>>> print(open('structure02.txt').read())   # compact mmCIF, C-alpha atoms
# COMPACT_ATOMS: atom_id res chain seq x y z
CA MET A 1 -212.15 53.99 -105.48
CA HIS A 2 -209.17 55.33 -103.56
CA ILE A 3 -209.34 58.83 -102.10
CA ALA A 4 -206.02 60.16 -100.81
CA ILE A 5 -206.21 63.00 -98.28
CA VAL A 6 -202.80 64.63 -98.63
CA SER A 7 -201.55 65.98 -95.30
CA PHE A 8 -198.11 67.41 -94.63
CA ASP A 9 -196.43 68.02 -91.28
CA GLY A 10 -198.24 70.93 -89.66
CA PHE A 11 -201.55 69.80 -91.17
CA ASN A 12 -204.81 71.31 -89.94
CA GLU A 13 -206.72 68.55 -88.12
CA LEU A 14 -210.12 69.92 -89.12
CA ASP A 15 -209.37 70.20 -92.82
CA SER A 16 -207.97 66.69 -93.27
CA LEU A 17 -209.99 64.74 -90.74
CA ILE A 18 -213.51 66.11 -91.19
CA ALA A 19 -213.19 65.02 -94.82
CA TYR A 20 -211.71 61.69 -93.69
CA GLY A 21 -214.68 60.97 -91.41
CA ILE A 22 -217.35 62.02 -93.90
CA LEU A 23 -215.78 60.21 -96.86
CA ASN A 24 -215.70 57.06 -94.74
CA ARG A 25 -219.50 57.20 -94.45
CA ILE A 26 -219.53 55.30 -97.77
CA LYS A 27 -219.43 51.64 -96.86
CA LYS A 28 -218.42 49.73 -99.97
CA PRO A 29 -215.67 47.10 -100.28
CA ASP A 30 -213.81 49.00 -103.02
CA TRP A 31 -214.07 52.40 -101.26
CA ARG A 32 -210.79 53.35 -99.58
CA VAL A 33 -209.94 56.64 -97.90
CA SER A 34 -206.34 57.12 -96.82
CA LEU A 35 -204.55 59.83 -94.90
CA CYS A 36 -201.67 60.40 -97.31
CA GLY A 37 -198.41 61.89 -96.09
CA PRO A 38 -194.79 62.47 -97.04
CA THR A 39 -193.60 60.15 -94.24
CA ALA A 40 -194.95 57.19 -92.25
CA GLU A 41 -195.94 59.45 -89.37
CA ILE A 42 -197.24 63.00 -89.69
CA GLU A 43 -197.51 65.67 -87.00
CA SER A 44 -200.48 68.02 -87.07
CA MET A 45 -200.27 71.78 -86.48
CA ASN A 46 -201.23 71.22 -82.85
CA GLY A 47 -198.87 68.33 -82.20
CA LEU A 48 -201.02 65.28 -82.88
CA LEU A 49 -199.00 62.35 -84.25
CA VAL A 50 -200.91 60.29 -86.81
CA ARG A 51 -199.77 57.36 -88.93
CA ALA A 52 -200.08 57.96 -92.65
CA GLN A 53 -202.02 55.31 -94.56
CA SER A 54 -200.46 56.06 -97.92
CA LEU A 55 -197.45 58.01 -99.21
CA LEU A 56 -197.47 60.99 -101.56
CA GLU A 57 -196.47 58.91 -104.58
CA GLU A 58 -199.66 56.85 -104.18
CA ALA A 59 -201.80 59.95 -104.67
CA ARG A 60 -200.82 59.85 -108.36
CA GLU A 61 -202.78 56.62 -108.78
CA ALA A 62 -205.71 57.60 -106.56
CA ASP A 63 -209.14 58.21 -108.11
CA ALA A 64 -209.57 61.34 -105.99
CA VAL A 65 -207.07 63.51 -104.14
CA LEU A 66 -207.94 66.01 -101.43
CA ILE A 67 -205.13 68.36 -100.40
CA GLY A 68 -205.53 69.50 -96.83
CA SER A 69 -204.11 72.70 -95.40
CA GLY A 70 -201.65 73.44 -92.66
CA SER A 71 -199.16 75.72 -91.05
CA LYS A 72 -196.29 74.76 -93.39
CA THR A 73 -197.96 74.95 -96.81
CA LEU A 74 -195.75 77.85 -97.96
CA GLN A 75 -192.61 75.79 -97.26
CA VAL A 76 -194.08 72.69 -98.93
CA ALA A 77 -195.13 74.66 -102.02
CA ALA A 78 -191.58 76.06 -102.29
CA ASP A 79 -189.90 72.66 -101.89
CA PRO A 80 -189.29 71.02 -105.31
CA SER A 81 -188.44 67.67 -103.73
CA MET A 82 -191.86 67.61 -102.06
CA MET A 83 -193.83 69.00 -105.00
CA SER A 84 -192.29 66.58 -107.50
CA ARG A 85 -193.73 63.69 -105.50
CA LEU A 86 -197.22 65.00 -106.30
CA ALA A 87 -197.95 64.40 -109.97
CA LEU A 88 -201.70 64.89 -110.21
CA ASN A 89 -203.81 64.62 -113.33
CA ALA A 90 -207.13 66.46 -113.46
CA SER A 91 -208.17 64.64 -116.63
CA ARG A 92 -208.54 61.34 -114.78
CA GLN A 93 -208.63 62.33 -111.08
CA LEU A 94 -211.04 64.34 -108.95
CA ILE A 95 -208.83 66.94 -107.28
CA ALA A 96 -209.98 68.92 -104.25
CA ALA A 97 -208.15 71.37 -102.02
CA GLN A 98 -209.04 72.84 -98.67
CA CYS A 99 -207.85 76.30 -97.52
CA SER A 100 -204.07 76.60 -98.05
CA GLY A 101 -204.15 73.31 -99.99
CA ALA A 102 -205.31 75.46 -102.91
CA LEU A 103 -201.83 77.01 -102.98
CA ILE A 104 -200.41 73.55 -103.73
CA LEU A 105 -202.83 73.26 -106.67
CA ALA A 106 -201.77 76.72 -107.89
CA LYS A 107 -198.08 75.77 -107.74
CA LEU A 108 -198.85 72.53 -109.60
CA GLY A 109 -200.37 74.68 -112.38
CA LEU A 110 -203.85 73.25 -111.86
CA LEU A 111 -205.56 76.61 -111.30
CA ALA A 112 -204.32 78.32 -114.46
CA ASP A 113 -207.75 79.51 -115.63
CA ILE A 114 -209.88 78.65 -112.63
CA PRO A 115 -210.76 80.86 -109.66
CA ALA A 116 -210.48 79.27 -106.24
CA CYS A 117 -211.68 79.37 -102.65
CA THR A 118 -209.23 79.46 -99.77
CA ASP A 119 -208.88 80.80 -96.23
CA LEU A 120 -208.23 84.45 -95.40
CA THR A 121 -204.54 83.85 -94.50
CA THR A 122 -203.76 82.10 -97.78
CA LYS A 123 -205.71 84.56 -99.94
CA PRO A 124 -202.81 87.02 -100.57
CA TRP A 125 -200.39 84.17 -101.39
CA MET A 126 -202.90 82.81 -103.93
CA GLN A 127 -203.31 86.25 -105.48
CA GLU A 128 -199.52 86.56 -105.68
CA ALA A 129 -199.53 83.23 -107.54
CA GLY A 130 -201.96 84.76 -110.04
CA VAL A 131 -205.13 83.02 -108.90
CA ARG A 132 -208.45 84.84 -108.56
CA VAL A 133 -209.79 84.15 -105.05
CA LEU A 134 -213.55 84.01 -104.46
CA ASP A 135 -215.40 85.24 -101.37
CA ALA A 136 -217.25 81.93 -101.15
CA PRO A 137 -216.92 78.65 -99.25
CA PHE A 138 -216.89 76.36 -102.31
CA PHE A 139 -216.17 76.39 -106.03
CA ALA A 140 -215.72 73.67 -108.61
CA GLU A 141 -214.96 73.53 -112.29
CA GLY A 142 -214.59 70.24 -114.11
CA ASN A 143 -212.67 67.85 -111.91
CA ILE A 144 -211.20 70.50 -109.60
CA ALA A 145 -212.83 71.87 -106.45
CA THR A 146 -211.63 74.21 -103.70
CA ALA A 147 -213.10 75.24 -100.35
CA GLY A 148 -212.31 77.98 -97.85
CA GLY A 149 -212.72 77.88 -94.07
CA CYS A 150 -212.25 74.67 -92.08
CA MET A 151 -215.97 74.05 -91.65
CA ALA A 152 -216.40 74.14 -95.45
CA SER A 153 -214.53 70.83 -95.65
CA PRO A 154 -217.82 68.86 -95.50
CA TYR A 155 -218.71 70.54 -98.81
CA LEU A 156 -215.51 69.22 -100.38
CA ALA A 157 -216.16 65.69 -99.07
CA ALA A 158 -219.77 65.84 -100.26
CA TRP A 159 -218.63 66.95 -103.72
CA ILE A 160 -216.32 63.93 -104.03
CA ILE A 161 -219.11 61.59 -102.88
CA ALA A 162 -221.67 63.21 -105.20
CA ARG A 163 -219.33 62.94 -108.19
CA SER A 164 -218.48 59.31 -107.39
CA GLU A 165 -221.58 57.79 -105.78
CA GLY A 166 -224.31 60.28 -106.61
CA VAL A 167 -226.08 63.17 -104.96
CA GLU A 168 -228.25 61.02 -102.70
CA ALA A 169 -225.20 59.34 -101.16
CA ALA A 170 -223.67 62.76 -100.52
CA ARG A 171 -226.87 64.06 -98.92
CA ALA A 172 -227.05 60.97 -96.69
CA ALA A 173 -223.43 61.35 -95.55
CA LEU A 174 -223.98 65.01 -94.61
CA HIS A 175 -227.32 64.24 -92.95
CA TYR A 176 -225.63 61.63 -90.75
CA VAL A 177 -222.95 64.01 -89.45
CA ALA A 178 -225.19 67.12 -89.17
CA PRO A 179 -226.24 68.41 -85.74
CA VAL A 180 -229.35 66.82 -84.24
CA GLY A 181 -232.32 69.15 -84.62
CA GLU A 182 -230.83 70.97 -87.61
CA LYS A 183 -230.02 68.12 -89.99
CA ASP A 184 -232.31 69.16 -92.83
CA ALA A 185 -231.22 72.80 -92.62
CA TYR A 186 -227.56 71.75 -92.60
CA VAL A 187 -227.90 69.60 -95.72
CA GLU A 188 -229.94 72.25 -97.55
CA ASN A 189 -227.34 74.93 -96.80
CA ALA A 190 -224.52 72.67 -98.05
CA PHE A 191 -226.34 71.90 -101.29
CA LYS A 192 -227.06 75.59 -101.77
CA HIS A 193 -223.29 75.82 -102.37
CA LEU A 194 -222.84 72.47 -104.13
CA SER A 195 -225.82 71.98 -106.46
CA ARG A 196 -224.71 74.28 -109.26
CA TYR A 197 -221.49 72.29 -109.61
CA LEU A 198 -223.10 68.86 -109.79
CA PRO A 199 -224.60 67.09 -112.79
CA THR A 200 -228.41 67.15 -112.62
CA MET B 1 -205.89 74.86 -68.16
CA HIS B 2 -205.78 71.26 -69.35
CA ILE B 3 -208.61 69.94 -71.52
CA ALA B 4 -208.59 66.17 -72.01
CA ILE B 5 -210.49 64.86 -75.04
CA VAL B 6 -211.23 61.27 -74.04
CA SER B 7 -211.13 58.93 -77.04
CA PHE B 8 -211.35 55.15 -76.94
CA ASP B 9 -210.48 52.67 -79.68
CA GLY B 10 -213.13 53.02 -82.37
CA PHE B 11 -213.38 56.76 -81.73
CA ASN B 12 -215.22 58.99 -84.19
CA GLU B 13 -212.62 61.23 -85.85
CA LEU B 14 -215.05 64.15 -86.25
CA ASP B 15 -216.24 64.18 -82.66
CA SER B 16 -212.80 64.15 -81.03
CA LEU B 17 -210.76 66.08 -83.55
CA ILE B 18 -213.04 68.96 -84.52
CA ALA B 19 -213.06 69.83 -80.82
CA TYR B 20 -209.28 69.31 -80.68
CA GLY B 21 -208.69 71.76 -83.53
CA ILE B 22 -211.08 74.42 -82.26
CA LEU B 23 -209.91 74.24 -78.64
CA ASN B 24 -206.36 74.72 -79.89
CA ARG B 25 -207.37 78.10 -81.32
CA ILE B 26 -206.64 79.48 -77.84
CA LYS B 27 -202.96 80.41 -77.85
CA LYS B 28 -201.89 80.79 -74.23
CA PRO B 29 -198.89 79.20 -72.53
CA ASP B 30 -200.99 77.47 -69.87
CA TRP B 31 -203.65 76.20 -72.32
CA ARG B 32 -203.16 72.50 -73.07
CA VAL B 33 -205.46 70.28 -75.11
CA SER B 34 -204.67 66.56 -75.11
CA LEU B 35 -206.12 63.62 -76.97
CA CYS B 36 -206.64 61.32 -73.99
CA GLY B 37 -206.82 57.56 -74.46
CA PRO B 38 -206.73 54.26 -72.61
CA THR B 39 -203.43 53.31 -74.32
CA ALA B 40 -200.46 55.07 -75.91
CA GLU B 41 -201.90 54.60 -79.39
CA ILE B 42 -205.60 54.71 -80.28
CA GLU B 43 -207.31 53.46 -83.45
CA SER B 44 -210.25 55.45 -84.80
CA MET B 45 -213.46 53.90 -86.13
CA ASN B 46 -212.08 54.16 -89.66
CA GLY B 47 -208.64 52.78 -88.91
CA LEU B 48 -206.59 55.92 -88.24
CA LEU B 49 -203.79 55.33 -85.71
CA VAL B 50 -203.17 58.31 -83.46
CA ARG B 51 -200.84 58.71 -80.49
CA ALA B 52 -202.60 59.62 -77.28
CA GLN B 53 -201.22 62.70 -75.51
CA SER B 54 -202.54 61.76 -72.08
CA LEU B 55 -203.95 58.63 -70.40
CA LEU B 56 -207.42 58.22 -68.91
CA GLU B 57 -206.16 58.64 -65.35
CA GLU B 58 -204.95 62.16 -66.21
CA ALA B 59 -208.51 63.21 -67.10
CA ARG B 60 -209.29 63.18 -63.36
CA GLU B 61 -206.94 66.11 -62.86
CA ALA B 62 -207.91 68.00 -66.02
CA ASP B 63 -209.81 71.29 -65.78
CA ALA B 64 -212.15 70.20 -68.53
CA VAL B 65 -212.95 66.78 -69.98
CA LEU B 66 -214.64 66.16 -73.31
CA ILE B 67 -215.77 62.58 -73.93
CA GLY B 68 -215.84 61.76 -77.63
CA SER B 69 -217.98 59.11 -79.22
CA GLY B 70 -217.20 55.99 -81.18
CA SER B 71 -218.19 52.59 -82.42
CA LYS B 72 -217.28 50.80 -79.18
CA THR B 73 -218.92 53.04 -76.55
CA LEU B 74 -221.37 50.31 -75.46
CA GLN B 75 -218.46 47.95 -74.70
CA VAL B 76 -216.51 50.69 -72.90
CA ALA B 77 -219.52 51.69 -70.80
CA ALA B 78 -220.00 48.03 -69.78
CA ASP B 79 -216.33 47.50 -68.88
CA PRO B 80 -215.71 48.24 -65.17
CA SER B 81 -211.91 48.19 -65.64
CA MET B 82 -212.23 50.99 -68.20
CA MET B 83 -214.91 53.00 -66.38
CA SER B 84 -213.05 52.93 -63.06
CA ARG B 85 -210.15 54.77 -64.72
CA LEU B 86 -212.48 57.72 -65.32
CA ALA B 87 -213.23 59.41 -62.01
CA LEU B 88 -214.69 62.75 -63.03
CA ASN B 89 -215.91 65.46 -60.72
CA ALA B 90 -218.50 67.94 -62.02
CA SER B 91 -218.06 70.18 -58.99
CA ARG B 92 -214.55 71.19 -60.08
CA GLN B 93 -214.36 70.14 -63.76
CA LEU B 94 -216.18 71.21 -66.92
CA ILE B 95 -217.50 67.96 -68.37
CA ALA B 96 -218.69 67.70 -71.96
CA ALA B 97 -219.79 64.72 -74.01
CA GLN B 98 -220.36 64.32 -77.73
CA CYS B 99 -222.87 61.84 -79.20
CA SER B 100 -222.35 58.40 -77.62
CA GLY B 101 -219.94 59.96 -75.12
CA ALA B 102 -223.10 60.97 -73.25
CA LEU B 103 -223.65 57.28 -72.47
CA ILE B 104 -220.35 57.28 -70.56
CA LEU B 105 -221.59 60.26 -68.52
CA ALA B 106 -224.87 58.42 -67.84
CA LYS B 107 -223.01 55.31 -66.64
CA LEU B 108 -220.80 57.48 -64.42
CA GLY B 109 -223.99 58.81 -62.80
CA LEU B 110 -223.40 62.35 -64.03
CA LEU B 111 -226.76 62.69 -65.82
CA ALA B 112 -228.98 61.70 -62.87
CA ASP B 113 -231.29 64.70 -63.09
CA ILE B 114 -230.13 66.30 -66.33
CA PRO B 115 -231.48 65.73 -69.83
CA ALA B 116 -228.92 65.22 -72.58
CA CYS B 117 -228.23 65.49 -76.29
CA THR B 118 -226.82 62.57 -78.22
CA ASP B 119 -226.88 61.02 -81.70
CA LEU B 120 -229.82 59.04 -83.07
CA THR B 121 -228.07 55.65 -82.64
CA THR B 122 -227.25 56.24 -78.98
CA LYS B 123 -230.67 57.71 -78.13
CA PRO B 124 -232.38 54.37 -77.21
CA TRP B 125 -229.39 53.28 -75.08
CA MET B 126 -229.56 56.57 -73.19
CA GLN B 127 -233.29 56.17 -72.64
CA GLU B 128 -232.67 52.64 -71.37
CA ALA B 129 -230.17 54.16 -68.91
CA GLY B 130 -232.97 56.43 -67.67
CA VAL B 131 -231.81 59.67 -69.30
CA ARG B 132 -234.22 62.04 -71.04
CA VAL B 133 -232.87 62.72 -74.55
CA LEU B 134 -233.51 66.09 -76.20
CA ASP B 135 -234.17 66.70 -79.91
CA ALA B 136 -231.53 69.43 -79.94
CA PRO B 137 -227.87 69.78 -80.87
CA PHE B 138 -226.68 71.17 -77.51
CA PHE B 139 -227.67 71.34 -73.86
CA ALA B 140 -225.82 72.39 -70.71
CA GLU B 141 -226.62 72.55 -67.04
CA GLY B 142 -224.06 73.71 -64.52
CA ASN B 143 -220.70 72.23 -65.45
CA ILE B 144 -222.08 69.48 -67.73
CA ALA B 145 -222.78 69.84 -71.45
CA THR B 146 -223.78 67.37 -74.16
CA ALA B 147 -224.09 67.63 -77.94
CA GLY B 148 -225.66 65.45 -80.61
CA GLY B 149 -224.51 65.02 -84.22
CA CYS B 150 -220.84 65.19 -85.21
CA MET B 151 -221.10 68.72 -86.60
CA ALA B 152 -222.42 69.93 -83.24
CA SER B 153 -218.98 69.35 -81.75
CA PRO B 154 -217.95 72.99 -82.45
CA TYR B 155 -220.73 73.99 -80.03
CA LEU B 156 -219.19 71.84 -77.31
CA ALA B 157 -215.71 73.28 -77.93
CA ALA B 158 -217.13 76.81 -77.96
CA TRP B 159 -218.93 76.18 -74.64
CA ILE B 160 -215.64 75.11 -73.00
CA ILE B 161 -213.85 78.18 -74.37
CA ALA B 162 -216.70 80.51 -73.37
CA ARG B 163 -216.77 79.12 -69.84
CA SER B 164 -212.96 79.35 -69.50
CA GLU B 165 -211.88 82.33 -71.60
CA GLY B 166 -215.10 84.22 -72.21
CA VAL B 167 -217.71 84.53 -74.92
CA GLU B 168 -215.60 86.73 -77.20
CA ALA B 169 -212.81 84.13 -77.32
CA ALA B 170 -215.38 81.47 -78.21
CA ARG B 171 -216.90 83.63 -80.95
CA ALA B 172 -213.42 84.32 -82.38
CA ALA B 173 -212.52 80.61 -82.43
CA LEU B 174 -215.73 79.69 -84.27
CA HIS B 175 -215.36 82.64 -86.66
CA TYR B 176 -211.88 81.47 -87.60
CA VAL B 177 -212.99 77.94 -88.52
CA ALA B 178 -216.32 78.89 -90.15
CA PRO B 179 -216.72 78.69 -93.93
CA VAL B 180 -215.60 81.73 -95.92
CA GLY B 181 -218.62 83.79 -96.98
CA GLU B 182 -220.81 82.47 -94.17
CA LYS B 183 -218.70 83.20 -91.08
CA ASP B 184 -221.12 85.59 -89.37
CA ALA B 185 -224.11 83.35 -90.05
CA TYR B 186 -222.22 80.33 -88.72
CA VAL B 187 -221.27 82.06 -85.46
CA GLU B 188 -224.80 83.45 -84.97
CA ASN B 189 -226.35 80.02 -85.47
CA ALA B 190 -223.94 78.45 -82.97
CA PHE B 191 -224.68 81.09 -80.34
CA LYS B 192 -228.42 80.65 -80.93
CA HIS B 193 -227.84 77.25 -79.28
CA LEU B 194 -225.19 78.33 -76.77
CA SER B 195 -226.20 81.74 -75.40
CA ARG B 196 -228.89 80.60 -72.98
CA TYR B 197 -226.33 78.38 -71.24
CA LEU B 198 -223.66 81.01 -70.79
CA PRO B 199 -223.30 83.63 -68.07
CA THR B 200 -224.26 87.06 -69.40
>>> encode(input="structure02.txt", output="structure tokens")
Amino acid sequence: MHIAIVSFDGFNELDSLIAYGILNRIKKPDWRVSLCGPTAEIESMNGLLVRAQSLLEEAREADAVLIGSGSKTLQVAADPSMMSRLALNASRQLIAAQCSGALILAKLGLLADIPACTDLTTKPWMQEAGVRVLDAPFFAEGNIATAGGCMASPYLAAWIIARSEGVEAARAALHYVAPVGEKDAYVENAFKHLSRYLPT
Amino acid sequence: MHIAIVSFDGFNELDSLIAYGILNRIKKPDWRVSLCGPTAEIESMNGLLVRAQSLLEEAREADAVLIGSGSKTLQVAADPSMMSRLALNASRQLIAAQCSGALILAKLGLLADIPACTDLTTKPWMQEAGVRVLDAPFFAEGNIATAGGCMASPYLAAWIIARSEGVEAARAALHYVAPVGEKDAYVENAFKHLSRYLPT
């Protein structure tokens, strides 16, 4: 299982790296989570330099792809040379997008008949692209999920874990990272958003 | 205002980088947040290579220091050559620690008469070091604050912002990163933990 967390220059540290940390709670030899970028080194929106662990082309072969957000998503979405490197396939991949990452999914034609969650800044751009935006932190349909608001990224990570390793593994991963003294409440609130989109 | 987020090899991505993202919500020319490490490049607990933006010695001169957690905190805390590089001063610095970062504070003698929050793994080590551990996500006394559980790191970041830039700036930073559709509830829950430790 390879999960590629796609992050462009200007990426939002919260959106890519909360998911990175939570997805890495699964400790199995064939479970690989990679920060996936257009170049060998990526610079975050606040100037952090991080080495990519996979390149965009590798996301095509990943089992799950999570598109992070960032300060340059509009430019990326308008750049054919960048977009052509992302050839995703929702029939065989789990595809998740956080905040402005949903705009990348829209431009790839993956949100044709599906509403989406995103952040408040990206909302008008999504509407302009013809996507119905929900006032909710999380939504999924089939193999595609979107989340809005940085701190909703644990929901996206939990959805990928639940779809791949089961609901109990997802609950355990969230329980581990939840604040001390409010762990049960944190997990319950997350699954309030997630449960309806998971197989029973 | 320089805030150094101290991160050693094996650092927990959530604990250091959620704080990094939220603290960077303050957009002022003299506001600097640096990922602060023992070496020019630091490797996270899940293999992410990140360039440090300041070295440990610079934390001594920072206005605020946040010690992250990680998989090697026990080794760091037992290494005099590493610990001697951290000479913190709670009389002129805000000092915050996340999860196992609290063990570093204990070893530096900063938790002599103060209880602390930490994660469940670090709890017995803290008790062995003579510190009373609370079953709570956040605690502060004077210029020292601790938090337990990765997703409590927004509380630590908000405390530093509230103490430096005021409560409204802290509320705005948390509101921005909170999940869409639950922003008000998220901020209220955070301040349920924070308010009693902030000047009115």
>>> residues_around(input="structure02.txt", residues="B:Ala96", least_positions_apart="5", cutoff="7 Å", atoms="all atoms listed in the file", output="list in words")
Val65, Leu66, Ile67, Ile144, Ala145, Thr146 and Leu156 of chain B
>>> interface_residues(input="structure02.txt", of="chain A", to="chain B", cutoff="9 Å", atoms="all atoms listed in the file", output="PDB file with C-alpha atoms, in the coordinates of the input")
ATOM      1  CA  ASN A  12    -204.810  71.310 -89.940  1.00  0.00           C
ATOM      2  CA  GLU A  13    -206.720  68.550 -88.120  1.00  0.00           C
ATOM      3  CA  LEU A  14    -210.120  69.920 -89.120  1.00  0.00           C
ATOM      4  CA  LEU A  17    -209.990  64.740 -90.740  1.00  0.00           C
ATOM      5  CA  ILE A  18    -213.510  66.110 -91.190  1.00  0.00           C
ATOM      6  CA  ALA A  19    -213.190  65.020 -94.820  1.00  0.00           C
ATOM      7  CA  TYR A  20    -211.710  61.690 -93.690  1.00  0.00           C
ATOM      8  CA  GLY A  21    -214.680  60.970 -91.410  1.00  0.00           C
ATOM      9  CA  ILE A  22    -217.350  62.020 -93.900  1.00  0.00           C
ATOM     10  CA  ASN A  24    -215.700  57.060 -94.740  1.00  0.00           C
ATOM     11  CA  VAL A  33    -209.940  56.640 -97.900  1.00  0.00           C
ATOM     12  CA  SER A  34    -206.340  57.120 -96.820  1.00  0.00           C
ATOM     13  CA  LEU A  35    -204.550  59.830 -94.900  1.00  0.00           C
ATOM     14  CA  MET A  45    -200.270  71.780 -86.480  1.00  0.00           C
ATOM     15  CA  ASN A  46    -201.230  71.220 -82.850  1.00  0.00           C
ATOM     16  CA  LEU A  48    -201.020  65.280 -82.880  1.00  0.00           C
ATOM     17  CA  LEU A  49    -199.000  62.350 -84.250  1.00  0.00           C
ATOM     18  CA  VAL A  50    -200.910  60.290 -86.810  1.00  0.00           C
ATOM     19  CA  ARG A  51    -199.770  57.360 -88.930  1.00  0.00           C
ATOM     20  CA  ALA A  52    -200.080  57.960 -92.650  1.00  0.00           C
ATOM     21  CA  GLN A  53    -202.020  55.310 -94.560  1.00  0.00           C
ATOM     22  CA  CYS A 117    -211.680  79.370-102.650  1.00  0.00           C
ATOM     23  CA  THR A 118    -209.230  79.460 -99.770  1.00  0.00           C
ATOM     24  CA  ASP A 119    -208.880  80.800 -96.230  1.00  0.00           C
ATOM     25  CA  LEU A 120    -208.230  84.450 -95.400  1.00  0.00           C
ATOM     26  CA  ASP A 135    -215.400  85.240-101.370  1.00  0.00           C
ATOM     27  CA  ALA A 136    -217.250  81.930-101.150  1.00  0.00           C
ATOM     28  CA  PRO A 137    -216.920  78.650 -99.250  1.00  0.00           C
ATOM     29  CA  PHE A 138    -216.890  76.360-102.310  1.00  0.00           C
ATOM     30  CA  ALA A 147    -213.100  75.240-100.350  1.00  0.00           C
ATOM     31  CA  GLY A 148    -212.310  77.980 -97.850  1.00  0.00           C
ATOM     32  CA  GLY A 149    -212.720  77.880 -94.070  1.00  0.00           C
ATOM     33  CA  CYS A 150    -212.250  74.670 -92.080  1.00  0.00           C
ATOM     34  CA  MET A 151    -215.970  74.050 -91.650  1.00  0.00           C
ATOM     35  CA  ALA A 152    -216.400  74.140 -95.450  1.00  0.00           C
ATOM     36  CA  SER A 153    -214.530  70.830 -95.650  1.00  0.00           C
ATOM     37  CA  TYR A 176    -225.630  61.630 -90.750  1.00  0.00           C
ATOM     38  CA  VAL A 177    -222.950  64.010 -89.450  1.00  0.00           C
ATOM     39  CA  ALA A 178    -225.190  67.120 -89.170  1.00  0.00           C
ATOM     40  CA  PRO A 179    -226.240  68.410 -85.740  1.00  0.00           C
ATOM     41  CA  VAL A 180    -229.350  66.820 -84.240  1.00  0.00           C
ATOM     42  CA  GLY A 181    -232.320  69.150 -84.620  1.00  0.00           C
ATOM     43  CA  GLU A 182    -230.830  70.970 -87.610  1.00  0.00           C
ATOM     44  CA  LYS A 183    -230.020  68.120 -89.990  1.00  0.00           C
TER      45      LYS A 183
END
>>> closest_residue(input="structure02.txt", among="A:Lys72, A:Arg60, A:Lys123, A:Lys107", to="A:Ser7", atoms="only C-alpha atoms")
A:Lys72
>>> atom_distance(input="structure02.txt", atom1="atom CA of B:Phe8", atom2="atom CA of B:Gly37")
5.7 Å
>>> atom_distance(input="structure02.txt", atom1="atom CA of B:Lys28", atom2="atom CA of B:Leu94")
18.7 Å
>>> atom_distance(input="structure02.txt", atom1="atom CA of B:Thr122", atom2="atom CA of B:Leu88")
21.3 Å
>>> closest_residue(input="structure02.txt", among="B:Ser81, B:Thr121, B:Thr39, B:Ser54", to="B:Ala102", atoms="all atoms listed in the file")
B:Thr121
>>> residues_around(input="structure02.txt", residues="A:Ile26", least_positions_apart="6", cutoff="9 Å", atoms="all atoms listed in the file", output="ChimeraX atom specification")
/A:161,165,169-170,173
>>> closest_residue(input="structure02.txt", among="A:Glu188, A:Ala78, A:Leu105, A:Leu23", to="A:Ala158", atoms="only C-alpha atoms")
A:Leu23
>>> residues_around(input="structure02.txt", residues="B:Ser195", least_positions_apart="2", cutoff="12 Å", atoms="all atoms listed in the file", output="short mmCIF file (atom, residue, chain, number, x, y, z; two decimals) with C-alpha atoms, in the frame of the given file")
data_model
loop_
_atom_site.label_atom_id
_atom_site.label_comp_id
_atom_site.auth_asym_id
_atom_site.auth_seq_id
_atom_site.Cartn_x
_atom_site.Cartn_y
_atom_site.Cartn_z
CA PHE B 138 -226.68 71.17 -77.51
CA PHE B 139 -227.67 71.34 -73.86
CA ALA B 140 -225.82 72.39 -70.71
CA TYR B 155 -220.73 73.99 -80.03
CA ALA B 158 -217.13 76.81 -77.96
CA TRP B 159 -218.93 76.18 -74.64
CA ALA B 162 -216.70 80.51 -73.37
CA ARG B 163 -216.77 79.12 -69.84
CA GLY B 166 -215.10 84.22 -72.21
CA VAL B 167 -217.71 84.53 -74.92
CA GLU B 168 -215.60 86.73 -77.20
CA ALA B 170 -215.38 81.47 -78.21
CA ARG B 171 -216.90 83.63 -80.95
CA VAL B 187 -221.27 82.06 -85.46
CA GLU B 188 -224.80 83.45 -84.97
CA ASN B 189 -226.35 80.02 -85.47
CA ALA B 190 -223.94 78.45 -82.97
CA PHE B 191 -224.68 81.09 -80.34
CA LYS B 192 -228.42 80.65 -80.93
CA HIS B 193 -227.84 77.25 -79.28
CA TYR B 197 -226.33 78.38 -71.24
CA LEU B 198 -223.66 81.01 -70.79
CA PRO B 199 -223.30 83.63 -68.07
CA THR B 200 -224.26 87.06 -69.40
#
